[in-house]
Protein chains: 2
Amino acid sequence: MFTDRGYDAVTVADVAEAAGVSAMTVYRHFPTKEDLVLIDQPARLIAERVAASSATLPVVHRVGGALVDAATALTGGYGDGDGPVASERFLLDCLRLMVATPALRARHLDSQYALQQAIADALGDGTADPDPDAAFRAQAAISACLAAMHTALTRWAEEDGRTPLPDLIARALTASFGDAVPAPGRQD
Amino acid sequence: MFTDRGYDAVTVADVAEAAGVSAMTVYRHFPTKEDLVLIDQPARLIAERVAASSATLPVVHRVGGALVDAATALTGGYGDGDGPVASERFLLDCLRLMVATPALRARHLDSQYALQQAIADALGDGTADPDPDAAFRAQAAISACLAAMHTALTRWAEEDGRTPLPDLIARALTASFGDAVPAPGRQD
DNA sequence: ACTCAAGTGTTAGTCACTAACAGTGCGGTA
DNA sequence: TACCGCACTGTTAGTGACTAACACTTGAGT
């Protein structure tokens with residue numbers, strides 16, 4: 001319904017009626033109308049991979065690798081050659097809505113803000129880190145990585161999933177950080 | 001009022017009453033409640049500086065330099081040694097509200113999205129750029145720069161403006177991109 | 001049969017925001 | 001002076017997201 005008629009033109013009451021329930025029931029399952037569309041980022045998956053990476057690598061390499069890995073796990077990986085599968089179609093529809101609708105776009109960007117905190121925790125895991133300056137530098141690097149990933153997500157939706165998502169993310173990271181991140185076209 | 005009682009606890013009717021006008025009048029001057037707090041980013045200023053930079057430099061260097069310059073122009077620059085001045089106090093209050101209030105934070109991040117488009121236009125200015133892949137790489141680099149700047153803004157608000165904003169931005173950029181950006185502590 | 005719990009519906013209300021209409025004051029014009 | 005137009009403001013009524021409080025149904029376990 002959102003894709004056909006536009007996010008703003010569909011009320012929560014419409015969604016409830018189409019689902020055969022009352023509007024109140026919708027709110028009990030989804031805290032806001034925006035959550036009907038937003039895909040919860042696999043924060044735990046990404047944070048785990050960051051925590052598992054070698055602490056000797058630069059931050060952008062650790063985070064970038066985790067993002068590419070997570071995208072690979074989510075979308076089924078490289079080179080199946082079949083274009084997007086059914087489960088990806090839904091992802092693409094949601095992403096298109098997010099890019100096109102200001103309210104959804106803003107919420108999605110803010111959810112990346114939460115993901116940033118989770119990654120920062122995963123980075124410093126194990127070592128007490130009393131250095132606020134190092135924490136600041138890590139936050140900056142993480143947010144830059146996530147912004148590059150968001151650009152890749154947008155591009156992925158725009159070109160309808162033709163290029164595998166992990167490849168797009170790797171290219172976005174390389175365009176931003178040069179060779180300090182895993183190179184596109186292969187996985188670590 | 002927002003700082004004292006919290007953004008959500010103050011209604012538009014409250015603001016209107018305090019200003020001695022009707023709620024309708026508030027909406028005629030500010031399109032949304034959020035715009036009462038949001039500071040419009042100096043998009044034109046930044047875009048001009050990007051367009052004026054040397055096209056032979058890497059994208060992150062051009063954008064990063066423009067961001068540091070714009071911050072210098074806005075906050076009065078380095079080393080006056082007096083801490084934040086009165087005009088900066090208001091900026092800091094707004095920033096704190098933005099970081100603390102989810103709705104404002106989301107809107108602010110989305111406004112950076114618009115800034116990203118403006119910078120992308122400024123980058124490709126003059127040269128017809130039919131290469132969608134180069135445009136994608138530029139978008140990725142720009143968004144990463146802006147994310148680093150946002151981290152610096154957040155940090156600036158957290159430490160109450162003690163460190164000069166241009167310095168924080170330069171350090172955030174260096175933490176993300178290494179020596180591909182202007183070094184902190186001096187200006188180009 | 002009784003009970004508890006989870007899920008659902010209803011109602012009334014708050015608040016952001018919009019549209020349509022009606023003043024009100026003020027400078028320029030004849 | 002009388003008139004006109006324009007910018008600004010207020011009022012009213014309405015939509016839609018979202019919340020709180022309360023009553024109801026249903027199904028599982030005892």
# chains A, B, ... in the order shown; residues from 1 in each chain; ligands from 1

$ interface_residues --of "chain B" --to "chain C" --cutoff "10 Å" --atoms "only C-alpha atoms (C1' of nucleotides)" --output "NGL selection string"
:B and (11-13 or 24 or 27 or 31-33)

$ interface_residues --of "chain D" --to "chain B" --cutoff "12 Å" --atoms "only C-alpha atoms (C1' of nucleotides)" --output "number ranges by chain"
D: 8-12

$ select_by_dssp --residues "chain A" --states "alpha helix (DSSP H)" --output "ChimeraX atom specification"
/A:2-5,12-19,23-29,43-52,59-75,86-100,102-123,132-158,165-177

$ write_last_selection --atoms "C-alpha atoms" --output "compact mmCIF listing (two decimals), in the first residue's frame"
# COMPACT_ATOMS: atom_id res chain seq x y z
CA PHE A 2 2.80 2.40 0.88
CA THR A 3 4.61 1.69 -2.36
CA ASP A 4 1.47 2.10 -4.44
CA ARG A 5 -0.12 5.15 -2.87
CA VAL A 12 -2.60 3.84 10.05
CA ALA A 13 -6.36 3.31 10.02
CA ASP A 14 -6.06 2.18 6.39
CA VAL A 15 -3.38 -0.32 7.30
CA ALA A 16 -5.45 -1.59 10.21
CA GLU A 17 -8.55 -2.00 8.07
CA ALA A 18 -6.59 -3.85 5.39
CA ALA A 19 -5.25 -6.16 8.08
CA ALA A 23 -5.94 0.90 14.60
CA MET A 24 -5.14 0.35 18.26
CA THR A 25 -3.91 -3.15 17.52
CA VAL A 26 -1.47 -1.83 14.95
CA TYR A 27 0.06 0.46 17.57
CA ARG A 28 0.43 -2.45 19.95
CA HIS A 29 2.61 -4.28 17.44
CA ALA A 43 23.19 -4.31 14.83
CA ARG A 44 24.10 -7.38 16.82
CA LEU A 45 25.46 -9.17 13.76
CA ILE A 46 27.65 -6.23 12.82
CA ALA A 47 28.82 -5.57 16.37
CA GLU A 48 29.86 -9.17 16.80
CA ARG A 49 31.93 -9.14 13.66
CA VAL A 50 33.58 -5.90 14.70
CA ALA A 51 34.43 -7.35 18.09
CA ALA A 52 35.85 -10.46 16.45
CA VAL A 59 39.14 1.22 12.80
CA VAL A 60 37.81 1.85 9.31
CA HIS A 61 39.13 -1.54 8.20
CA ARG A 62 37.53 -3.37 11.09
CA VAL A 63 34.17 -1.65 10.70
CA GLY A 64 34.23 -1.73 6.91
CA GLY A 65 34.94 -5.44 6.85
CA ALA A 66 32.12 -6.09 9.28
CA LEU A 67 29.68 -4.10 7.17
CA VAL A 68 30.61 -5.98 4.00
CA ASP A 69 30.36 -9.30 5.81
CA ALA A 70 26.98 -8.47 7.29
CA ALA A 71 25.66 -7.38 3.91
CA THR A 72 26.91 -10.62 2.41
CA ALA A 73 25.13 -12.63 5.07
CA LEU A 74 21.92 -10.66 4.61
CA THR A 75 21.60 -10.64 0.86
CA ALA A 86 12.14 -12.46 -3.46
CA SER A 87 13.40 -11.63 0.01
CA GLU A 88 15.52 -8.84 -1.44
CA ARG A 89 12.55 -7.34 -3.30
CA PHE A 90 10.95 -6.44 0.00
CA LEU A 91 14.18 -4.89 1.23
CA LEU A 92 14.44 -2.85 -1.94
CA ASP A 93 10.85 -1.63 -1.66
CA CYS A 94 11.45 -0.52 1.92
CA LEU A 95 14.67 1.23 0.96
CA ARG A 96 13.03 3.08 -1.87
CA LEU A 97 10.33 4.31 0.48
CA MET A 98 13.00 5.42 2.94
CA VAL A 99 14.88 7.40 0.34
CA ALA A 100 11.74 9.01 -1.02
CA PRO A 102 11.64 12.54 4.42
CA ALA A 103 10.23 11.25 7.68
CA LEU A 104 11.42 7.70 6.99
CA ARG A 105 14.78 8.85 5.71
CA ALA A 106 15.36 10.84 8.89
CA ARG A 107 14.35 7.94 11.12
CA HIS A 108 16.61 5.57 9.24
CA LEU A 109 19.57 7.90 9.56
CA ASP A 110 18.89 8.19 13.25
CA SER A 111 18.78 4.43 13.63
CA GLN A 112 22.29 4.37 12.19
CA TYR A 113 23.19 6.66 15.05
CA ALA A 114 22.21 3.90 17.45
CA LEU A 115 24.17 1.40 15.41
CA GLN A 116 27.18 3.66 15.75
CA GLN A 117 27.01 3.41 19.52
CA ALA A 118 26.76 -0.37 19.36
CA ILE A 119 29.83 -0.58 17.14
CA ALA A 120 31.77 1.77 19.38
CA ASP A 121 31.02 -0.52 22.32
CA ALA A 122 32.13 -3.54 20.30
CA LEU A 123 35.38 -1.84 19.32
CA PRO A 132 38.21 10.24 25.53
CA ASP A 133 40.22 11.41 22.56
CA ALA A 134 40.65 7.89 21.22
CA ALA A 135 36.94 7.33 21.71
CA PHE A 136 36.21 10.48 19.75
CA ARG A 137 38.44 9.40 16.88
CA ALA A 138 36.75 6.00 16.85
CA GLN A 139 33.30 7.59 16.76
CA ALA A 140 34.35 9.76 13.83
CA ALA A 141 35.69 6.81 11.88
CA ILE A 142 32.62 4.67 12.61
CA SER A 143 30.18 7.35 11.58
CA ALA A 144 32.09 7.90 8.36
CA CYS A 145 31.95 4.16 7.60
CA LEU A 146 28.22 4.06 8.23
CA ALA A 147 27.64 7.08 6.03
CA ALA A 148 29.49 5.39 3.20
CA MET A 149 27.37 2.29 3.74
CA HIS A 150 24.22 4.40 3.64
CA THR A 151 25.30 5.83 0.31
CA ALA A 152 25.76 2.28 -0.94
CA LEU A 153 22.30 1.33 0.32
CA THR A 154 20.76 4.28 -1.49
CA ARG A 155 22.58 3.40 -4.66
CA TRP A 156 21.52 -0.24 -4.32
CA ALA A 157 17.88 0.78 -4.16
CA GLU A 158 18.26 3.20 -7.05
CA LEU A 165 25.14 -4.99 -2.08
CA PRO A 166 28.44 -6.11 -0.51
CA ASP A 167 30.27 -5.01 -3.62
CA LEU A 168 28.63 -1.59 -3.54
CA ILE A 169 29.50 -1.16 0.12
CA ALA A 170 33.11 -2.14 -0.50
CA ARG A 171 33.36 0.34 -3.36
CA ALA A 172 31.82 3.12 -1.27
CA LEU A 173 34.32 2.41 1.49
CA THR A 174 37.26 2.40 -0.92
CA ALA A 175 36.09 5.66 -2.48
CA SER A 176 36.10 7.23 0.99
CA PHE A 177 39.07 5.62 2.69

$ atom_distance --atom1 "atom CA of Ser53 of chain A" --atom2 "atom CA of Pro184 of chain A"
18.1 Å
